[in-house]
file coords33.txt (compact mmCIF, N, CA and C atoms)
# COMPACT_ATOMS: atom_id res chain seq x y z
N MET A 23 -139.77 195.15 8.21
CA MET A 23 -138.97 196.21 7.66
C MET A 23 -139.22 197.50 8.43
N TYR A 24 -140.45 197.75 8.81
CA TYR A 24 -140.78 198.97 9.54
C TYR A 24 -140.09 198.98 10.91
N ILE A 25 -140.07 197.85 11.57
CA ILE A 25 -139.42 197.75 12.88
C ILE A 25 -137.92 197.97 12.75
N ALA A 26 -137.31 197.40 11.72
CA ALA A 26 -135.87 197.60 11.49
C ALA A 26 -135.59 199.07 11.21
N HIS A 27 -136.51 199.75 10.57
CA HIS A 27 -136.36 201.18 10.29
C HIS A 27 -136.42 202.02 11.56
N LYS A 28 -137.21 201.61 12.51
CA LYS A 28 -137.39 202.36 13.75
C LYS A 28 -136.25 202.19 14.75
N VAL A 29 -135.45 201.15 14.60
CA VAL A 29 -134.33 200.91 15.52
C VAL A 29 -133.22 201.92 15.21
N LYS A 30 -132.65 202.51 16.25
CA LYS A 30 -131.60 203.51 16.07
C LYS A 30 -130.36 202.85 15.45
N TYR A 31 -129.72 203.56 14.54
CA TYR A 31 -128.60 203.00 13.79
C TYR A 31 -127.41 202.64 14.67
N THR A 32 -127.23 203.29 15.80
CA THR A 32 -126.10 202.97 16.68
C THR A 32 -126.25 201.58 17.28
N TYR A 33 -127.48 201.13 17.43
CA TYR A 33 -127.72 199.78 17.93
C TYR A 33 -127.17 198.74 16.94
N TYR A 34 -127.42 198.96 15.66
CA TYR A 34 -126.88 198.06 14.64
C TYR A 34 -125.35 198.09 14.65
N SER A 35 -124.80 199.25 14.87
CA SER A 35 -123.35 199.40 14.90
C SER A 35 -122.74 198.51 15.97
N ARG A 36 -123.34 198.48 17.13
CA ARG A 36 -122.82 197.64 18.22
C ARG A 36 -123.01 196.16 17.92
N ILE A 37 -124.15 195.81 17.36
CA ILE A 37 -124.43 194.41 17.05
C ILE A 37 -123.42 193.87 16.04
N PHE A 38 -123.14 194.65 15.00
CA PHE A 38 -122.25 194.16 13.96
C PHE A 38 -120.79 194.23 14.36
N GLN A 39 -120.48 194.99 15.38
CA GLN A 39 -119.12 194.95 15.91
C GLN A 39 -118.88 193.59 16.55
N VAL A 40 -119.86 193.09 17.26
CA VAL A 40 -119.76 191.76 17.86
C VAL A 40 -119.86 190.68 16.77
N ALA A 41 -120.71 190.90 15.79
CA ALA A 41 -120.88 189.92 14.72
C ALA A 41 -119.60 189.71 13.92
N LEU A 42 -118.77 190.74 13.84
CA LEU A 42 -117.49 190.59 13.16
C LEU A 42 -116.62 189.55 13.86
N TYR A 43 -116.62 189.58 15.18
CA TYR A 43 -115.82 188.61 15.94
C TYR A 43 -116.44 187.22 15.93
N ILE A 44 -117.69 187.12 15.54
CA ILE A 44 -118.33 185.81 15.37
C ILE A 44 -118.10 185.29 13.95
N ALA A 45 -118.12 186.18 12.98
CA ALA A 45 -118.02 185.77 11.57
C ALA A 45 -116.65 185.20 11.24
N ILE A 46 -115.60 185.75 11.81
CA ILE A 46 -114.25 185.29 11.49
C ILE A 46 -114.03 183.82 11.90
N PRO A 47 -114.37 183.43 13.13
CA PRO A 47 -114.23 181.99 13.46
C PRO A 47 -115.16 181.10 12.63
N LEU A 48 -116.34 181.61 12.27
CA LEU A 48 -117.23 180.81 11.43
C LEU A 48 -116.63 180.58 10.04
N LEU A 49 -115.95 181.57 9.51
CA LEU A 49 -115.29 181.38 8.21
C LEU A 49 -114.16 180.35 8.31
N ILE A 50 -113.44 180.37 9.42
CA ILE A 50 -112.37 179.39 9.62
C ILE A 50 -112.96 177.99 9.80
N MET A 51 -114.06 177.90 10.54
CA MET A 51 -114.73 176.60 10.71
C MET A 51 -115.22 176.07 9.37
N THR A 52 -115.71 176.95 8.51
CA THR A 52 -116.18 176.54 7.18
C THR A 52 -115.04 175.95 6.37
N LEU A 53 -113.87 176.54 6.52
CA LEU A 53 -112.70 176.04 5.79
C LEU A 53 -112.39 174.58 6.16
N PHE A 54 -112.51 174.25 7.43
CA PHE A 54 -112.17 172.90 7.88
C PHE A 54 -113.35 171.92 7.91
N PHE A 55 -114.53 172.40 8.30
CA PHE A 55 -115.67 171.51 8.51
C PHE A 55 -116.81 171.74 7.53
N GLY A 56 -116.60 172.59 6.54
CA GLY A 56 -117.67 172.94 5.61
C GLY A 56 -118.08 171.80 4.71
N LYS A 57 -119.29 171.91 4.20
CA LYS A 57 -119.84 170.91 3.29
C LYS A 57 -119.31 171.18 1.89
N ASP A 58 -118.79 170.13 1.22
CA ASP A 58 -118.24 170.27 -0.13
C ASP A 58 -119.37 170.41 -1.14
N VAL A 59 -119.31 171.50 -1.92
CA VAL A 59 -120.23 171.72 -3.01
C VAL A 59 -119.39 172.17 -4.20
N ASN A 60 -119.42 171.38 -5.27
CA ASN A 60 -118.62 171.68 -6.47
C ASN A 60 -117.14 171.87 -6.13
N GLU A 61 -116.60 170.97 -5.36
CA GLU A 61 -115.19 170.94 -4.97
C GLU A 61 -114.73 172.16 -4.18
N ALA A 62 -115.65 172.81 -3.46
CA ALA A 62 -115.30 173.93 -2.59
C ALA A 62 -116.14 173.83 -1.33
N LYS A 63 -115.55 174.22 -0.23
CA LYS A 63 -116.28 174.20 1.04
C LYS A 63 -117.00 175.53 1.19
N ARG A 64 -118.31 175.50 1.11
CA ARG A 64 -119.09 176.72 1.05
C ARG A 64 -120.01 176.94 2.23
N ALA A 65 -120.42 175.91 2.94
CA ALA A 65 -121.43 176.07 3.97
C ALA A 65 -121.16 175.13 5.14
N LEU A 66 -121.60 175.56 6.30
CA LEU A 66 -121.52 174.71 7.49
C LEU A 66 -122.79 173.89 7.60
N PRO A 67 -122.65 172.60 7.82
CA PRO A 67 -123.86 171.78 7.97
C PRO A 67 -124.52 172.03 9.32
N LEU A 68 -125.83 172.12 9.31
CA LEU A 68 -126.63 172.28 10.52
C LEU A 68 -127.55 171.08 10.66
N PRO A 69 -128.16 170.90 11.82
CA PRO A 69 -129.10 169.78 11.98
C PRO A 69 -130.28 169.87 11.00
N PHE A 70 -130.93 168.76 10.77
CA PHE A 70 -132.11 168.62 9.91
C PHE A 70 -131.80 168.90 8.45
N GLY A 71 -130.56 168.68 8.02
CA GLY A 71 -130.19 168.84 6.62
C GLY A 71 -130.03 170.27 6.16
N LEU A 72 -130.01 171.21 7.06
CA LEU A 72 -129.84 172.61 6.70
C LEU A 72 -128.36 172.97 6.63
N THR A 73 -128.05 174.07 5.94
CA THR A 73 -126.68 174.57 5.89
C THR A 73 -126.69 176.07 6.16
N PHE A 74 -125.54 176.57 6.59
CA PHE A 74 -125.38 178.00 6.88
C PHE A 74 -124.14 178.51 6.17
N GLN A 75 -124.30 179.55 5.37
CA GLN A 75 -123.16 180.13 4.66
C GLN A 75 -122.60 181.29 5.48
N ALA A 76 -121.47 181.04 6.08
CA ALA A 76 -120.83 182.04 6.92
C ALA A 76 -120.37 183.24 6.10
N SER A 77 -120.12 183.04 4.82
CA SER A 77 -119.65 184.14 3.98
C SER A 77 -120.73 185.22 3.84
N ASP A 78 -122.00 184.85 3.85
CA ASP A 78 -123.06 185.85 3.77
C ASP A 78 -123.10 186.72 5.02
N LEU A 79 -122.92 186.09 6.17
CA LEU A 79 -122.85 186.86 7.41
C LEU A 79 -121.62 187.76 7.40
N ALA A 80 -120.51 187.25 6.92
CA ALA A 80 -119.26 188.03 6.89
C ALA A 80 -119.39 189.23 5.96
N LYS A 81 -120.05 189.08 4.82
CA LYS A 81 -120.22 190.19 3.88
C LYS A 81 -121.03 191.32 4.51
N LEU A 82 -122.16 190.98 5.07
CA LEU A 82 -123.02 191.99 5.70
C LEU A 82 -122.31 192.65 6.88
N THR A 83 -121.65 191.84 7.68
CA THR A 83 -120.93 192.36 8.85
C THR A 83 -119.81 193.30 8.43
N LEU A 84 -119.06 192.93 7.42
CA LEU A 84 -117.95 193.77 6.97
C LEU A 84 -118.44 195.10 6.43
N ILE A 85 -119.52 195.11 5.68
CA ILE A 85 -120.07 196.36 5.13
C ILE A 85 -120.48 197.30 6.25
N ILE A 86 -121.20 196.80 7.22
CA ILE A 86 -121.68 197.66 8.30
C ILE A 86 -120.55 198.06 9.23
N TYR A 87 -119.60 197.18 9.48
CA TYR A 87 -118.47 197.52 10.34
C TYR A 87 -117.60 198.60 9.68
N LEU A 88 -117.35 198.49 8.38
CA LEU A 88 -116.57 199.51 7.69
C LEU A 88 -117.31 200.84 7.65
N ALA A 89 -118.62 200.81 7.52
CA ALA A 89 -119.40 202.05 7.58
C ALA A 89 -119.25 202.68 8.96
N ARG A 90 -119.21 201.88 10.00
CA ARG A 90 -119.02 202.39 11.36
C ARG A 90 -117.65 203.06 11.50
N ILE A 91 -116.62 202.41 10.97
CA ILE A 91 -115.27 202.98 11.05
C ILE A 91 -115.19 204.29 10.27
N LEU A 92 -115.77 204.32 9.08
CA LEU A 92 -115.75 205.54 8.28
C LEU A 92 -116.50 206.68 8.97
N THR A 93 -117.58 206.35 9.65
CA THR A 93 -118.33 207.36 10.38
C THR A 93 -117.51 207.92 11.53
N LYS A 94 -116.81 207.06 12.24
CA LYS A 94 -116.00 207.52 13.37
C LYS A 94 -114.82 208.38 12.91
N LYS A 95 -114.24 208.07 11.76
CA LYS A 95 -113.08 208.80 11.27
C LYS A 95 -113.46 209.86 10.23
N GLN A 96 -114.70 210.23 10.18
CA GLN A 96 -115.20 211.13 9.15
C GLN A 96 -114.45 212.47 9.12
N GLY A 97 -114.17 213.04 10.27
CA GLY A 97 -113.48 214.32 10.32
C GLY A 97 -112.00 214.23 9.98
N ASP A 98 -111.41 213.07 10.12
CA ASP A 98 -109.98 212.90 9.89
C ASP A 98 -109.63 212.43 8.48
N LEU A 99 -110.62 212.19 7.65
CA LEU A 99 -110.35 211.65 6.32
C LEU A 99 -110.04 212.78 5.34
N HIS A 100 -108.78 212.94 5.03
CA HIS A 100 -108.38 213.94 4.04
C HIS A 100 -108.00 213.27 2.73
N ASP A 101 -107.47 212.08 2.82
CA ASP A 101 -107.18 211.29 1.64
C ASP A 101 -107.30 209.81 2.03
N PHE A 102 -107.09 208.96 1.06
CA PHE A 102 -107.29 207.52 1.27
C PHE A 102 -106.33 206.94 2.31
N ARG A 103 -105.09 207.45 2.36
CA ARG A 103 -104.09 206.92 3.30
C ARG A 103 -104.48 207.20 4.75
N SER A 104 -105.17 208.29 5.00
CA SER A 104 -105.50 208.66 6.37
C SER A 104 -106.50 207.69 7.01
N LEU A 105 -107.15 206.91 6.20
CA LEU A 105 -108.09 205.92 6.73
C LEU A 105 -107.34 204.77 7.42
N PHE A 106 -106.20 204.38 6.89
CA PHE A 106 -105.50 203.20 7.37
C PHE A 106 -104.30 203.49 8.25
N LEU A 107 -103.70 204.68 8.12
CA LEU A 107 -102.52 205.00 8.87
C LEU A 107 -102.84 205.91 10.05
N PRO A 108 -102.16 205.74 11.17
CA PRO A 108 -102.36 206.66 12.29
C PRO A 108 -101.90 208.06 11.89
N SER A 109 -102.40 209.07 12.58
CA SER A 109 -102.10 210.46 12.22
C SER A 109 -100.61 210.78 12.37
N CYS A 110 -99.88 210.09 13.24
CA CYS A 110 -98.46 210.37 13.43
C CYS A 110 -97.63 209.96 12.21
N CYS A 111 -98.13 209.07 11.37
CA CYS A 111 -97.35 208.55 10.24
C CYS A 111 -97.66 209.26 8.93
N LEU A 112 -98.51 210.27 8.94
CA LEU A 112 -98.96 210.90 7.70
C LEU A 112 -98.18 212.13 7.30
N SER A 113 -97.02 212.37 7.85
CA SER A 113 -96.30 213.60 7.49
C SER A 113 -95.52 213.48 6.22

call {"tool": "encode", "arguments": {"input": "coords33.txt", "output": "structure tokens"}}
result
Amino acid sequence: MYIAHKVKYTYYSRIFQVALYIAIPLLIMTLFFGKDVNEAKRALPLPFGLTFQASDLAKLTLIIYLARILTKKQGDLHDFRSLFLPSCCLS
């Protein structure tokens, strides 16, 4: 935990930007190749009987990626619509 605290936050921002592009295909793979648990495909099977839940990676990645976007657009946020629409469309 101490080491994670010492790493500069911009480093995490870059890592999770890439992780977003990894999480999306993993979620799609889970849909087709996931292990059935209670009639739902929830995890990808891994060797040695292990499983990986891509949704957990996607949740963490989405939270940090959205925090990155909000930080970049911090000065331009006047209302909720300005987050999603380009500035030319807000008149």

call {"tool": "residues_around", "arguments": {"input": "coords33.txt", "residues": "region 61-75 of chain A", "least_positions_apart": "3", "cutoff": "12 Å", "atoms": "only C-alpha atoms", "output": "list in words"}}
result
Ala45, Pro47, Leu48, Leu49, Ile50, Met51, Thr52, Leu53, Phe54, Phe55, Gly56, Lys57, Asp58, Asp78, Leu79, Ala80, Lys81 and Leu82 of chain A

call {"tool": "write_last_selection", "arguments": {"input": "coords33.txt", "atoms": "N, CA and C atoms", "output": "tab-separated table (two decimals), keeping the file's coordinate frame"}}
result
chain	number	residue	atom	x	y	z
A	45	ALA	N	-118.12	186.18	12.98
A	45	ALA	CA	-118.02	185.77	11.57
A	45	ALA	C	-116.65	185.20	11.24
A	47	PRO	N	-114.37	183.43	13.13
A	47	PRO	CA	-114.23	181.99	13.46
A	47	PRO	C	-115.16	181.10	12.63
A	48	LEU	N	-116.34	181.61	12.27
A	48	LEU	CA	-117.23	180.81	11.43
A	48	LEU	C	-116.63	180.58	10.04
A	49	LEU	N	-115.95	181.57	9.51
A	49	LEU	CA	-115.29	181.38	8.21
A	49	LEU	C	-114.16	180.35	8.31
A	50	ILE	N	-113.44	180.37	9.42
A	50	ILE	CA	-112.37	179.39	9.62
A	50	ILE	C	-112.96	177.99	9.80
A	51	MET	N	-114.06	177.90	10.54
A	51	MET	CA	-114.73	176.60	10.71
A	51	MET	C	-115.22	176.07	9.37
A	52	THR	N	-115.71	176.95	8.51
A	52	THR	CA	-116.18	176.54	7.18
A	52	THR	C	-115.04	175.95	6.37
A	53	LEU	N	-113.87	176.54	6.52
A	53	LEU	CA	-112.70	176.04	5.79
A	53	LEU	C	-112.39	174.58	6.16
A	54	PHE	N	-112.51	174.25	7.43
A	54	PHE	CA	-112.17	172.90	7.88
A	54	PHE	C	-113.35	171.92	7.91
A	55	PHE	N	-114.53	172.40	8.30
A	55	PHE	CA	-115.67	171.51	8.51
A	55	PHE	C	-116.81	171.74	7.53
A	56	GLY	N	-116.60	172.59	6.54
A	56	GLY	CA	-117.67	172.94	5.61
A	56	GLY	C	-118.08	171.80	4.71
A	57	LYS	N	-119.29	171.91	4.20
A	57	LYS	CA	-119.84	170.91	3.29
A	57	LYS	C	-119.31	171.18	1.89
A	58	ASP	N	-118.79	170.13	1.22
A	58	ASP	CA	-118.24	170.27	-0.13
A	58	ASP	C	-119.37	170.41	-1.14
A	78	ASP	N	-122.00	184.85	3.85
A	78	ASP	CA	-123.06	185.85	3.77
A	78	ASP	C	-123.10	186.72	5.02
A	79	LEU	N	-122.92	186.09	6.17
A	79	LEU	CA	-122.85	186.86	7.41
A	79	LEU	C	-121.62	187.76	7.40
A	80	ALA	N	-120.51	187.25	6.92
A	80	ALA	CA	-119.26	188.03	6.89
A	80	ALA	C	-119.39	189.23	5.96
A	81	LYS	N	-120.05	189.08	4.82
A	81	LYS	CA	-120.22	190.19	3.88
A	81	LYS	C	-121.03	191.32	4.51
A	82	LEU	N	-122.16	190.98	5.07
A	82	LEU	CA	-123.02	191.99	5.70
A	82	LEU	C	-122.31	192.65	6.88

call {"tool": "closest_atom_pairs", "arguments": {"input": "coords33.txt", "of": "region 54-86 of chain A", "to": "region 28-38 of chain A", "cutoff": "8 Å", "atoms": "only N, CA and C atoms", "output": "JSON lines"}}
result
{"residue": "A:Leu82", "atom": "C", "partner": "A:Phe38", "partner_atom": "CA", "distance": 7.2}
{"residue": "A:Thr83", "atom": "CA", "partner": "A:Phe38", "partner_atom": "CA", "distance": 5.6}
{"residue": "A:Leu84", "atom": "N", "partner": "A:Phe38", "partner_atom": "C", "distance": 7.3}
{"residue": "A:Ile86", "atom": "C", "partner": "A:Phe38", "partner_atom": "CA", "distance": 6.4}

call {"tool": "select_by_dssp", "arguments": {"input": "coords33.txt", "residues": "chain A", "states": "strand (DSSP E or B)", "output": "list in words"}}
result
Lys57, Asp58, Val59, Ala62, Lys63, Arg64, Ala65, Leu66, Pro67, Thr73 and Phe74 of chain A

call {"tool": "atom_distance", "arguments": {"input": "coords33.txt", "atom1": "atom N of Lys95 (chain A)", "atom2": "atom N of His27 (chain A)"}}
result
23.8 Å

call {"tool": "select_by_dssp", "arguments": {"input": "coords33.txt", "residues": "chain A", "states": "helix (DSSP H, G or I)", "output": "ChimeraX atom specification"}}
result
/A:24-28,31-55,69-71,76-94,96-98,103-106,109-111

call {"tool": "build_atoms", "arguments": {"input": "coords33.txt", "residues": "region 85-96 of chain A", "atoms": "all heavy atoms", "output": "compact mmCIF listing (two decimals), keeping the file's coordinate frame"}}
result
# COMPACT_ATOMS: atom_id res chain seq x y z
N ILE A 85 -119.52 195.11 5.68
CA ILE A 85 -120.07 196.36 5.13
C ILE A 85 -120.48 197.30 6.25
O ILE A 85 -120.12 198.49 6.26
CB ILE A 85 -121.25 196.06 4.20
CG1 ILE A 85 -120.76 195.39 2.92
CG2 ILE A 85 -122.03 197.33 3.88
CD1 ILE A 85 -121.86 194.82 2.06
N ILE A 86 -121.20 196.80 7.22
CA ILE A 86 -121.68 197.66 8.30
C ILE A 86 -120.55 198.06 9.23
O ILE A 86 -120.49 199.20 9.70
CB ILE A 86 -122.85 196.98 9.04
CG1 ILE A 86 -124.02 196.87 8.07
CG2 ILE A 86 -123.24 197.76 10.28
CD1 ILE A 86 -125.25 196.27 8.60
N TYR A 87 -119.60 197.18 9.48
CA TYR A 87 -118.47 197.52 10.34
C TYR A 87 -117.60 198.60 9.68
O TYR A 87 -117.14 199.53 10.34
CB TYR A 87 -117.65 196.28 10.66
CG TYR A 87 -116.55 196.53 11.64
CD1 TYR A 87 -116.83 196.74 12.99
CD2 TYR A 87 -115.23 196.60 11.24
CE1 TYR A 87 -115.83 196.98 13.91
CE2 TYR A 87 -114.22 196.85 12.15
CZ TYR A 87 -114.52 197.03 13.47
OH TYR A 87 -113.52 197.28 14.38
N LEU A 88 -117.35 198.49 8.38
CA LEU A 88 -116.57 199.51 7.69
C LEU A 88 -117.31 200.84 7.65
O LEU A 88 -116.69 201.90 7.76
CB LEU A 88 -116.22 199.05 6.28
CG LEU A 88 -115.13 198.00 6.19
CD1 LEU A 88 -114.94 197.55 4.75
CD2 LEU A 88 -113.83 198.50 6.77
N ALA A 89 -118.62 200.81 7.52
CA ALA A 89 -119.40 202.05 7.58
C ALA A 89 -119.25 202.68 8.96
O ALA A 89 -119.15 203.91 9.08
CB ALA A 89 -120.87 201.76 7.28
N ARG A 90 -119.21 201.88 10.00
CA ARG A 90 -119.02 202.39 11.36
C ARG A 90 -117.65 203.06 11.50
O ARG A 90 -117.52 204.14 12.07
CB ARG A 90 -119.14 201.24 12.35
CG ARG A 90 -118.90 201.60 13.78
CD ARG A 90 -119.06 200.34 14.65
NE ARG A 90 -119.02 200.69 16.04
CZ ARG A 90 -117.91 200.70 16.77
NH1 ARG A 90 -116.76 200.37 16.23
NH2 ARG A 90 -117.95 201.03 18.04
N ILE A 91 -116.62 202.41 10.97
CA ILE A 91 -115.27 202.98 11.05
C ILE A 91 -115.19 204.29 10.27
O ILE A 91 -114.59 205.26 10.73
CB ILE A 91 -114.24 201.97 10.50
CG1 ILE A 91 -114.26 200.73 11.34
CG2 ILE A 91 -112.88 202.59 10.34
CD1 ILE A 91 -113.03 200.36 12.04
N LEU A 92 -115.77 204.32 9.08
CA LEU A 92 -115.75 205.54 8.28
C LEU A 92 -116.50 206.68 8.97
O LEU A 92 -116.11 207.83 8.89
CB LEU A 92 -116.35 205.28 6.90
CG LEU A 92 -115.48 204.47 5.95
CD1 LEU A 92 -116.27 204.10 4.70
CD2 LEU A 92 -114.23 205.22 5.60
N THR A 93 -117.58 206.35 9.65
CA THR A 93 -118.33 207.36 10.38
C THR A 93 -117.51 207.92 11.53
O THR A 93 -117.50 209.13 11.76
CB THR A 93 -119.65 206.77 10.91
OG1 THR A 93 -120.40 206.27 9.82
CG2 THR A 93 -120.46 207.82 11.63
N LYS A 94 -116.81 207.06 12.24
CA LYS A 94 -116.00 207.52 13.37
C LYS A 94 -114.82 208.38 12.91
O LYS A 94 -114.42 209.31 13.59
CB LYS A 94 -115.47 206.33 14.18
CG LYS A 94 -116.50 205.72 15.07
CD LYS A 94 -115.85 204.71 15.97
CE LYS A 94 -116.78 204.42 17.12
NZ LYS A 94 -116.11 203.72 18.18
N LYS A 95 -114.24 208.07 11.76
CA LYS A 95 -113.08 208.80 11.27
C LYS A 95 -113.46 209.86 10.23
O LYS A 95 -112.61 210.35 9.51
CB LYS A 95 -112.07 207.83 10.64
CG LYS A 95 -111.43 206.91 11.64
CD LYS A 95 -110.34 206.13 10.98
CE LYS A 95 -109.58 205.32 12.01
NZ LYS A 95 -108.36 204.76 11.47
N GLN A 96 -114.70 210.23 10.18
CA GLN A 96 -115.20 211.13 9.15
C GLN A 96 -114.45 212.47 9.12
O GLN A 96 -114.11 212.97 8.07
CB GLN A 96 -116.68 211.38 9.37
CG GLN A 96 -117.34 212.22 8.33
CD GLN A 96 -118.83 212.29 8.55
OE1 GLN A 96 -119.37 211.64 9.44
NE2 GLN A 96 -119.50 213.07 7.75
